[in-house]
Each structure stands twice: as C-alpha cells, then as structure tokens.
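J.: Below is the structure I would like to discuss, written out as structure tokens.
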Amino acid sequence: MNPALERPLTNGEVGSLADIIMVMQRRFMSSLMGELARGRVSFPQFFLLGHLCSHGPIGMSRIAELMNHSTPAATGLVQRLEKLGYVRRTHEKEDRRKVTATATLKGTRLVDGIRQEMIGNLEKVMGLLDPQEQRAWLDIYKKIHEYCTCCHR
C-alpha cells in the first residue's frame with residue numbers, strides 16, 4: 001500500500017484541497033449567480049430561501065439566528081424576498097407579534113431550478129469517476145453534511 005495514503009494530510013495538502021473547493025464553487029456557482037441575478041436575489045436571500053424549501057416555515061428569531069443577523073436585518077431579508085414573491089409572511093394565530101416565513105411556489109421553483117443545474121454539474125463530474133470513486137465521494141460528502149448540520153448550525 002502507498003505510505004502517503006496512511007498518513008493525515010499536511011497543511012499544504014489541506015491548502016490544496018481548499019484551492020480545489022474554491023475552483024469547484026466558482027465552476028458550480030457561475031450558473032447559480034446568473035440565475036440569482038435574473039431573479040434579483042442575493043446569495044444570502046437564496047440561502048434562506050433554500051432553507052425554507054428544505055425545512056419548511058420558520059419564525060423570524062430562528063431566521064436571524066440561522067443567518068447570524070439581528071432580527072431587524074432578518075426581517076429586511078425576508079421583506080425583500082416577499083416583495084419578489086418568493087416568500088410569504090404570516091402572523092401566528094396565538095401571538096400576532098410572531099411572524100413566520102414560508103417559501104411560495106415561485107420560491108420553490110427557483111430553488112428547484114438551481115438544484116437541477118447543480119445535479120447536471122455533478123453528473124458531469126461523476127462521469128469522470130469510476131463507480132467506487134463515486135461511492136467514496138458520496139460517503140465523504142455525507143460525513144461533511146453531517147458535520148455541517150449536526151455540529152455547526
């Protein structure tokens with residue numbers, strides 16, 4: 001077995017991995033940015049919209065926490081999405097001071113379209129890999145996803 005495969009990556013190799021990830025983001029994000037520009041949506045707005053599509057309606061306090069914004073800043077973010085027709089805000093029946101944001105059909109369509117573009121890009125990448133490499137990549141990304149969603153919300 002190759003001895004390099006049995007040792008952790010060096011700092012330089014981790015730096016190379018960071019460079020690779022940045023190139024992948026630019027490659028995959030270029031079409032995303034075009035879609036976002038056409039929809040007049042910023043990346044933070046898209047991030048929130050994607051979260052609403054994946055997780056359902058959430059309150060303004062949770063949005064502020066998720067986006068690492070103040071509640072007034074989160075409210076502004078949601079208001080802009082609402083003006084574009086991507087989000088609907090509703091007041092809770094028990095306490096009208098509490099506001100919940102929900103993705104609209106238009107918002108869901110935007111997220112789905114960009115997700116389909118991402119799938120197309122990933123299918124091209126998967127075509128460069130043999131089935132064992134494809135499975136290994138999926139397993140690695142599942143671990144990264146678990147780290148990002150469980151430990152660092």
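Each chain in the structure tokens gets a letter, A, B and so on, in the order shown; residues start at 1 in every chain, and ligands are counted from 1 in the order they appear.
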Mind checking which residues fall within 7 Å of region 71-83 of chain A, counting only C-alpha atoms, ignoring those fewer than 6 positions away in the same chain, and posting them as a list in words?

T.: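 With the cut-off at 7 Å, the set is Gln45, Met60, Ser61, Ile63 and Ala64 of chain A.
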
J.: Find the nearest atom pair between each residue of region 16-92 of chain A and region 3-11 of chain A for residues within 12 Å, count only C-alpha atoms, give distances in Å to one decimal, sort rows by chain and ascending number, and present the table as CSV.

T.:
```
residue,atom,partner,partner_atom,distance
A:Ser16,CA,A:Asn11,CA,8.7
A:Leu17,CA,A:Leu9,CA,9.6
A:Ala18,CA,A:Asn11,CA,10.5
```

J.: Grab the residues selected above and save them as a compact mmCIF listing (two decimals), in the first residue's frame with N, CA, C and O atoms.

T.:
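Done, and the output landed in again.txt:
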```txt
# COMPACT_ATOMS: atom_id res chain seq x y z
N SER A 16 -4.21 22.82 -0.59
CA SER A 16 -4.55 22.41 -1.96
C SER A 16 -6.02 22.00 -2.06
O SER A 16 -6.69 22.31 -3.05
N LEU A 17 -6.51 21.31 -1.04
CA LEU A 17 -7.92 20.93 -1.02
C LEU A 17 -8.80 22.18 -1.00
O LEU A 17 -9.81 22.25 -1.71
N ALA A 18 -8.42 23.18 -0.22
CA ALA A 18 -9.17 24.44 -0.19
C ALA A 18 -9.19 25.09 -1.57
O ALA A 18 -10.23 25.59 -2.02
```

J.: One number please: CA of Arg115 (chain A) to CA of Gly50 (chain A), in Å, one decimal.

T.: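 Between CA of Arg115 (chain A) and CA of Gly50 (chain A) the gap is 9.5 Å.
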
J.: Got a sec to tell me which of region 30-138 of chain A DSSP assigns to strand (DSSP E), as an MDAnalysis selection string?

T.: chainID A and resid 58:59 87:91 99:103

J.: Which residues of region 46-135 of chain A sit at most 10 Å from region 36-42 of chain A, using only C-alpha atoms? Give each one's shortest atom pair and distance in Å (one decimal place), in chain and ascending residue order, as CSV.

T.:
```
residue,atom,partner,partner_atom,distance
A:Phe46,CA,A:Ser42,CA,6.2
A:Phe47,CA,A:Ser42,CA,8.6
A:Leu48,CA,A:Ser42,CA,10.0
A:Leu49,CA,A:Val41,CA,9.7
A:Leu77,CA,A:Ser42,CA,9.5
A:Arg80,CA,A:Val41,CA,8.6
A:Leu81,CA,A:Val41,CA,7.6
A:Leu84,CA,A:Arg40,CA,8.1
A:Tyr86,CA,A:Val41,CA,9.5
A:Gly107,CA,A:Gly39,CA,9.9
A:Leu110,CA,A:Gly39,CA,8.1
A:Val111,CA,A:Leu36,CA,9.9
A:Ile114,CA,A:Leu36,CA,8.9
```

J.: Could you turn the residues from that selection into a file that holds N, CA and C atoms, as a short mmCIF file (atom, residue, chain, number, x, y, z; two decimals), in the first residue's frame?

T.:
```cif
data_model
loop_
_atom_site.label_atom_id
_atom_site.label_comp_id
_atom_site.auth_asym_id
_atom_site.auth_seq_id
_atom_site.Cartn_x
_atom_site.Cartn_y
_atom_site.Cartn_z
N PHE A 46 -30.93 33.67 -1.19
CA PHE A 46 -31.09 32.33 -1.74
C PHE A 46 -30.82 31.27 -0.67
N PHE A 47 -29.82 31.49 0.16
CA PHE A 47 -29.52 30.57 1.25
C PHE A 47 -30.75 30.40 2.14
N LEU A 48 -31.37 31.52 2.51
CA LEU A 48 -32.56 31.47 3.35
C LEU A 48 -33.71 30.78 2.62
N LEU A 49 -33.91 31.12 1.37
CA LEU A 49 -34.98 30.52 0.58
C LEU A 49 -34.78 29.00 0.48
N LEU A 77 -34.37 41.04 5.13
CA LEU A 77 -34.07 39.97 4.17
C LEU A 77 -35.36 39.30 3.71
N ARG A 80 -37.59 41.62 1.46
CA ARG A 80 -37.15 41.69 0.06
C ARG A 80 -37.59 40.44 -0.70
N LEU A 81 -37.48 39.27 -0.08
CA LEU A 81 -37.94 38.03 -0.72
C LEU A 81 -39.46 38.04 -0.92
N LEU A 84 -40.47 40.11 -3.91
CA LEU A 84 -40.21 39.40 -5.16
C LEU A 84 -41.15 38.22 -5.37
N TYR A 86 -41.16 35.39 -3.55
CA TYR A 86 -40.52 34.11 -3.22
C TYR A 86 -40.88 33.60 -1.83
N GLY A 107 -40.84 30.69 -5.16
CA GLY A 107 -39.57 30.49 -4.48
C GLY A 107 -39.08 29.06 -4.60
N LEU A 110 -37.64 28.44 -8.04
CA LEU A 110 -36.28 28.99 -8.20
C LEU A 110 -35.27 28.04 -7.58
N VAL A 111 -35.51 27.59 -6.36
CA VAL A 111 -34.59 26.68 -5.68
C VAL A 111 -34.47 25.37 -6.45
N ILE A 114 -32.30 25.73 -9.65
CA ILE A 114 -30.86 25.82 -9.36
C ILE A 114 -30.34 24.47 -8.88
#
```

J.: What separation in Å, quoted to one decimal, exists between CA of Asn121 (chain A) and CA of Pro57 (chain A)?

T.: 29.1 Å

J.: Identify which of the residues A:Gly85, A:Ser70, A:Asp130, A:Ile119 lies closest to Leu105 (chain A), counting only C-alpha atoms when measuring atom-to-atom distances.

T.: A:Gly85

J.: So, counting only C-alpha atoms, which residue among A:Thr149, A:Thr100, A:Gln134, A:Gln116 is closest to Leu32 (chain A)?

T.: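 Looking only at the distances to Leu32 (chain A), the closest residue turns out to be A:Gln116.
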
J.: Using only C-alpha atoms, pick whichever of A:Met33, A:Ile20, A:Val87, A:Ala103 has the shortest atom-to-atom distance to Gly56 (chain A).

T.: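 Nearest to Gly56 (chain A): A:Ala103.
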
J.: Please provide as a PDB file with N, CA and C atoms, in the first residue's frame all residues within 12 Å of Phe28 (chain A), with the sequence filter that same-chain residues fewer than 2 positions apart are discarded (counting only C-alpha atoms).

T.:
```
ATOM      1  N   ILE A  21     -11.640  23.197  -3.752  1.00  0.00           N
ATOM      2  CA  ILE A  21     -13.025  23.508  -3.398  1.00  0.00           C
ATOM      3  C   ILE A  21     -13.421  24.869  -3.948  1.00  0.00           C
ATOM      4  N   MET A  22     -12.512  25.839  -3.878  1.00  0.00           N
ATOM      5  CA  MET A  22     -12.821  27.173  -4.404  1.00  0.00           C
ATOM      6  C   MET A  22     -13.050  27.140  -5.914  1.00  0.00           C
ATOM      7  N   VAL A  23     -12.258  26.355  -6.646  1.00  0.00           N
ATOM      8  CA  VAL A  23     -12.459  26.225  -8.091  1.00  0.00           C
ATOM      9  C   VAL A  23     -13.808  25.568  -8.367  1.00  0.00           C
ATOM     10  N   MET A  24     -14.138  24.524  -7.589  1.00  0.00           N
ATOM     11  CA  MET A  24     -15.433  23.855  -7.767  1.00  0.00           C
ATOM     12  C   MET A  24     -16.579  24.831  -7.520  1.00  0.00           C
ATOM     13  N   GLN A  25     -16.456  25.629  -6.477  1.00  0.00           N
ATOM     14  CA  GLN A  25     -17.518  26.597  -6.178  1.00  0.00           C
ATOM     15  C   GLN A  25     -17.688  27.584  -7.317  1.00  0.00           C
ATOM     16  N   ARG A  26     -16.576  28.110  -7.826  1.00  0.00           N
ATOM     17  CA  ARG A  26     -16.678  29.062  -8.939  1.00  0.00           C
ATOM     18  C   ARG A  26     -17.328  28.403 -10.146  1.00  0.00           C
ATOM     19  N   SER A  30     -21.133  29.729 -10.951  1.00  0.00           N
ATOM     20  CA  SER A  30     -21.272  30.719 -12.025  1.00  0.00           C
ATOM     21  C   SER A  30     -22.681  30.702 -12.588  1.00  0.00           C
ATOM     22  N   SER A  31     -23.225  29.530 -12.827  1.00  0.00           N
ATOM     23  CA  SER A  31     -24.599  29.482 -13.329  1.00  0.00           C
ATOM     24  C   SER A  31     -25.584  29.869 -12.228  1.00  0.00           C
ATOM     25  N   LEU A  32     -25.267  29.528 -10.987  1.00  0.00           N
ATOM     26  CA  LEU A  32     -26.109  29.929  -9.867  1.00  0.00           C
ATOM     27  C   LEU A  32     -26.178  31.447  -9.799  1.00  0.00           C
ATOM     28  N   MET A  33     -25.037  32.104  -9.942  1.00  0.00           N
ATOM     29  CA  MET A  33     -25.026  33.566  -9.871  1.00  0.00           C
ATOM     30  C   MET A  33     -25.857  34.179 -10.993  1.00  0.00           C
ATOM     31  N   GLY A  34     -25.799  33.575 -12.182  1.00  0.00           N
ATOM     32  CA  GLY A  34     -26.631  34.058 -13.281  1.00  0.00           C
ATOM     33  C   GLY A  34     -28.108  33.921 -12.967  1.00  0.00           C
ATOM     34  N   GLU A  35     -28.486  32.787 -12.417  1.00  0.00           N
ATOM     35  CA  GLU A  35     -29.879  32.571 -12.026  1.00  0.00           C
ATOM     36  C   GLU A  35     -30.300  33.563 -10.944  1.00  0.00           C
ATOM     37  N   ILE A 114     -32.296  25.733  -9.646  1.00  0.00           N
ATOM     38  CA  ILE A 114     -30.859  25.819  -9.355  1.00  0.00           C
ATOM     39  C   ILE A 114     -30.339  24.470  -8.881  1.00  0.00           C
ATOM     40  N   ARG A 115     -31.154  23.744  -8.128  1.00  0.00           N
ATOM     41  CA  ARG A 115     -30.758  22.398  -7.697  1.00  0.00           C
ATOM     42  C   ARG A 115     -30.569  21.483  -8.923  1.00  0.00           C
ATOM     43  N   GLN A 116     -31.453  21.593  -9.895  1.00  0.00           N
ATOM     44  CA  GLN A 116     -31.321  20.780 -11.112  1.00  0.00           C
ATOM     45  C   GLN A 116     -30.036  21.113 -11.867  1.00  0.00           C
ATOM     46  N   GLU A 117     -29.682  22.382 -11.892  1.00  0.00           N
ATOM     47  CA  GLU A 117     -28.409  22.790 -12.516  1.00  0.00           C
ATOM     48  C   GLU A 117     -27.235  22.151 -11.779  1.00  0.00           C
ATOM     49  N   MET A 118     -27.295  22.144 -10.453  1.00  0.00           N
ATOM     50  CA  MET A 118     -26.245  21.528  -9.650  1.00  0.00           C
ATOM     51  C   MET A 118     -26.162  20.034  -9.938  1.00  0.00           C
ATOM     52  N   ILE A 119     -27.306  19.379 -10.059  1.00  0.00           N
ATOM     53  CA  ILE A 119     -27.322  17.950 -10.382  1.00  0.00           C
ATOM     54  C   ILE A 119     -26.644  17.710 -11.724  1.00  0.00           C
ATOM     55  N   GLY A 120     -26.941  18.551 -12.703  1.00  0.00           N
ATOM     56  CA  GLY A 120     -26.294  18.411 -14.013  1.00  0.00           C
ATOM     57  C   GLY A 120     -24.783  18.530 -13.924  1.00  0.00           C
ATOM     58  N   ASN A 121     -24.300  19.506 -13.155  1.00  0.00           N
ATOM     59  CA  ASN A 121     -22.851  19.651 -12.977  1.00  0.00           C
ATOM     60  C   ASN A 121     -22.253  18.433 -12.279  1.00  0.00           C
ATOM     61  N   LEU A 122     -22.932  17.941 -11.254  1.00  0.00           N
ATOM     62  CA  LEU A 122     -22.414  16.776 -10.534  1.00  0.00           C
ATOM     63  C   LEU A 122     -22.429  15.519 -11.394  1.00  0.00           C
ATOM     64  N   GLU A 123     -23.421  15.381 -12.244  1.00  0.00           N
ATOM     65  CA  GLU A 123     -23.458  14.230 -13.147  1.00  0.00           C
ATOM     66  C   GLU A 123     -22.252  14.247 -14.082  1.00  0.00           C
ATOM     67  N   LYS A 124     -21.857  15.424 -14.537  1.00  0.00           N
ATOM     68  CA  LYS A 124     -20.661  15.531 -15.385  1.00  0.00           C
ATOM     69  C   LYS A 124     -19.417  15.113 -14.619  1.00  0.00           C
ATOM     70  N   VAL A 125     -19.304  15.560 -13.368  1.00  0.00           N
ATOM     71  CA  VAL A 125     -18.158  15.183 -12.540  1.00  0.00           C
ATOM     72  C   VAL A 125     -18.169  13.677 -12.289  1.00  0.00           C
TER      73      VAL A 125
END
```

J.: Would you mind reading off the distance between CA of Thr90 (chain A) and CA of Cys150 (chain A), one decimal, in Å?

T.: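 Separation between CA of Thr90 (chain A) and CA of Cys150 (chain A): 28.5 Å.
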
J.: Among region 22-120 of chain A, which residues carry a DSSP assignment of helix (DSSP H, G or I), reported as number ranges by chain?

T.: A: 22-38, 43-55, 60-67, 71-83, 105-120
